[in-house]
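See below for the structure under consideration.
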Amino acid sequence: MNGVTLASVTRSEWIKFRSVRSTLMGVIVTTVLTVGLGALIATAVRANWSQMNPIRKLAFDPVSASLGGTLFAQFAVGVIGTLFITSEYSSGSIRTTFAAVPRRGLVVVGKLLVLVGSLFVVTEVACVATFLLGQSIFSGVVPTASLGSSAVLRSVLLGGVYLTLLAVLGLAFGLILRQSAASISAFTSLLLVIPIILFLLPQSWQNAATKFMPSALGHSMMSTNAPENFFGAWTATALLVVYVIVAFSVGVVLLLRRDA
Amino acid sequence: MLRVDHLTKHYGDTVAVDDLSFDVAPGVVTGFLGPNGSGKSTTMRIMLGLDRPTKGRTSIDGHAYRDFPAPLREVGAQLDAKSVHPGRSARNHLRALATSNAIPLTRVDEVLEFAGIASVADKKVGGFSLGMSQRLGIAAAILGDPGVLLFDEPVNGLDPEGIRWIREFFATLAHEGRTVFVSSHLMSEMALTADQIIVIGRGRFIAQGSVDDLTRTSAGTVFVASADDARLAQRLRDAGASVAVSERGLDVGKVPSSAIGEIALADGIALNELTPQRASLEEVFMELTADSIEYGSARAAS
Ligand SMILES: Nc1ncnc2c1ncn2[C@@H]1O[C@H](COP(=O)(O)OP(=O)(O)OP(=O)(O)O)[C@@H](O)[C@H]1O
Ligand SMILES: [Mg+2]
């Protein structure tokens, strides 16, 4: 019989992940927001297409238009990631967890693997589904795109990557702040409030800063024609990965130092 | 052997544990007594590697807790009855724990059965009564069949039947040669449960011994009734004893009963009664921890 290993801890975290209802609810909400709102947005685009001004028609991107639901789903995945750790603090089960696995790094890596593994599958399926549904809604009226094009395929798949990375960012916030409400507020502020504050800055600063925001990075990742002042898809992906690694590392360092 | 070695823990300005040292031997139930806030839970958290000591260390059979390849198979602990995710079933909670330490899942059913919660195993823990939560904590503690067991205030919330059950359970564990370390602030409970007792106050070591030792050494007076109390009192005082005279007889301190018998014999005074007086553990505890309690209430009042 082996003792505590990364494999045993990951299996244990997988049992924890799937044995609470909030995970199931989170996955359902993520899927419904991605696919359902995506379809709703696509339907609205189709209905208003004839009145749309020609310049916007030219810039229209059927890929990002069909992935609009991810703008909402990003909060759901953030909550799933956050709760995966903060619920252990609020219930006190973190002590049970760390008494069973004193090498806390294993617990965090186990959680990371479970979160990434499960949400990557869910969000990729949801993004492909909303893309296909969106194109079928557009078809005949609005220009459509096909997964046969490598740029389109990239944008759709990076949709799942974006949502998965944001789930990990939620986990990192949870590790740092340890409280559900505080972590979720901080996560939401990062995505919603800071971009609004940027609006108050002089235009030149705004142009320089906006593209660094996680939501702007997401836009770059999920578009075939992102605005010129934004990063390209791969640069945006790399930058978001760096953000997540930094936040996660801070969380892990704090976790190793603090009393449980 | 569970060892606490010059352990100190500060939380900001609060000194929760103050240069505390003691050993807990296997094969007996050891009670860990102290008033509220005396540092019992803190000491236990440090034993489990959950809190980092400011100074000193704790070890189990010479090893640091973190160094065990499968801690749950060495040490079982129940800290807080509610340290379980409320939305998870008891069975899934135990499965996750067992899996992390490579304990066979068949063991989960065994401990559920043993703790008497098999019938609610698939219900969410959030709906459990305090007593049921305590039982789940006990099930989790014995999951890995460990040689060392720590319980922090385990009788809280148990009904009389449950308390009797847990008392017998501790005795059985100790009888099997395990180390059983149980904290409480209830002396009366400890007197019935524990063989050995460690008393702390304000994070400091106060006393260690069997229930017998502690109740004997503390008050330690001997009640004496004789044919001539006045003369005996004088002789005893001459021998350095403290004597309180009452209508019924003498309360003699500072000399053992054997010495009293010898003095009476030497003087030819017939003894009618010679009874060592025992303080109740409750009294001993109050006496031993008086400082810490006064400190506690003074602080609460200010
Ligand atoms: N995490 C913490 N942060 C700050 N102070 C703490 C922390 N844990 C304990 N303390 C303080 O340390 C002291 C010892 O607390 P501890 O919980 O160890 O006592 P205890 O003997 O278990 O008390 P009780 O009988 O009430 O359970 C108390 O003054 C408490 O307020
Ligand atoms: Mg306590």
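Going by the structure tokens order, chains are called A, B, ..., each with residues numbered from 1, while ligands are numbered from 1 in the order shown.
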Nearby residues, ligand 2, 12 Å, only C-alpha atoms and all ligand atoms, as number ranges by chain: B: 16, 32-45, 78-81, 151-154, 156, 182-186, 203
Expected answer as a PyMOL selection string: chain B residues within 8 Å of chain A, only C-alpha atoms: chain B and resi 48-52+65-66+69-72+80+82-89+92-93+95-102
Give me, as a ChimeraX atom specification, all polymer residues having an atom no more than 9 Å from stretch 70-75 of chain A, counting only C-alpha atoms and skipping those fewer than 3 positions away in the same chain. /A:29-35,37-38,67,78-80,127,159-160,162-164,166-167,170,184,187-188,191,215,218
Which residues, written as an MDAnalysis selection string, have at least one atom at most 12 Å from B:Ala25, with only C-alpha atoms counted and residues fewer than 3 positions away on the same chain left out? chainID B and resid 1:4 22 28:31 60:61 147:149 174 177:181 195:198 208:209
Enter the distance from atom CA of B:Gln234 to atom CA of B:Asp251, in Å, rounded to one decimal.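 These atoms are spaced 12.9 Å apart.
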Using only C-alpha atoms, which protein or nucleic acid residues come within 9 Å of A:Leu169? Drop anything in the same chain fewer than 2 positions from it, and give the result as a VMD selection string. chain A and resid 78 81 to 82 164 to 167 171 to 174 187 243 to 245 247 to 248
Take the residues from that selection and put them in a file with C-alpha atoms, as an mmCIF file, in the first residue's frame.
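The resulting part14.cif:
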data_model
loop_
_atom_site.group_PDB
_atom_site.id
_atom_site.type_symbol
_atom_site.label_atom_id
_atom_site.label_comp_id
_atom_site.auth_asym_id
_atom_site.auth_seq_id
_atom_site.Cartn_x
_atom_site.Cartn_y
_atom_site.Cartn_z
ATOM 1 C CA GLY A 78 -14.747 31.656 -11.453
ATOM 2 C CA GLY A 81 -12.897 27.523 -8.893
ATOM 3 C CA THR A 82 -13.226 29.797 -5.865
ATOM 4 C CA THR A 164 -10.726 27.090 -17.827
ATOM 5 C CA LEU A 165 -8.001 29.622 -17.066
ATOM 6 C CA LEU A 166 -10.551 31.864 -15.363
ATOM 7 C CA ALA A 167 -11.671 28.951 -13.195
ATOM 8 C CA LEU A 171 -9.157 29.086 -7.361
ATOM 9 C CA ALA A 172 -6.092 31.322 -6.971
ATOM 10 C CA PHE A 173 -8.239 34.152 -5.548
ATOM 11 C CA GLY A 174 -9.775 31.669 -3.135
ATOM 12 C CA PHE A 187 -12.802 38.159 -9.051
ATOM 13 C CA TYR A 243 -1.539 36.165 -14.870
ATOM 14 C CA VAL A 244 -2.944 32.875 -13.668
ATOM 15 C CA ILE A 245 0.485 31.486 -12.796
ATOM 16 C CA ALA A 247 -1.917 34.670 -8.884
ATOM 17 C CA PHE A 248 -1.741 30.926 -8.265
#
From a DSSP pass on the backbone, collect the residues of stretch 145-243 of chain B flagged as helix (DSSP H, G or I) and hand them back as a VMD selection string. chain B and resid 160 to 175 187 to 193 211 to 217 229 to 238
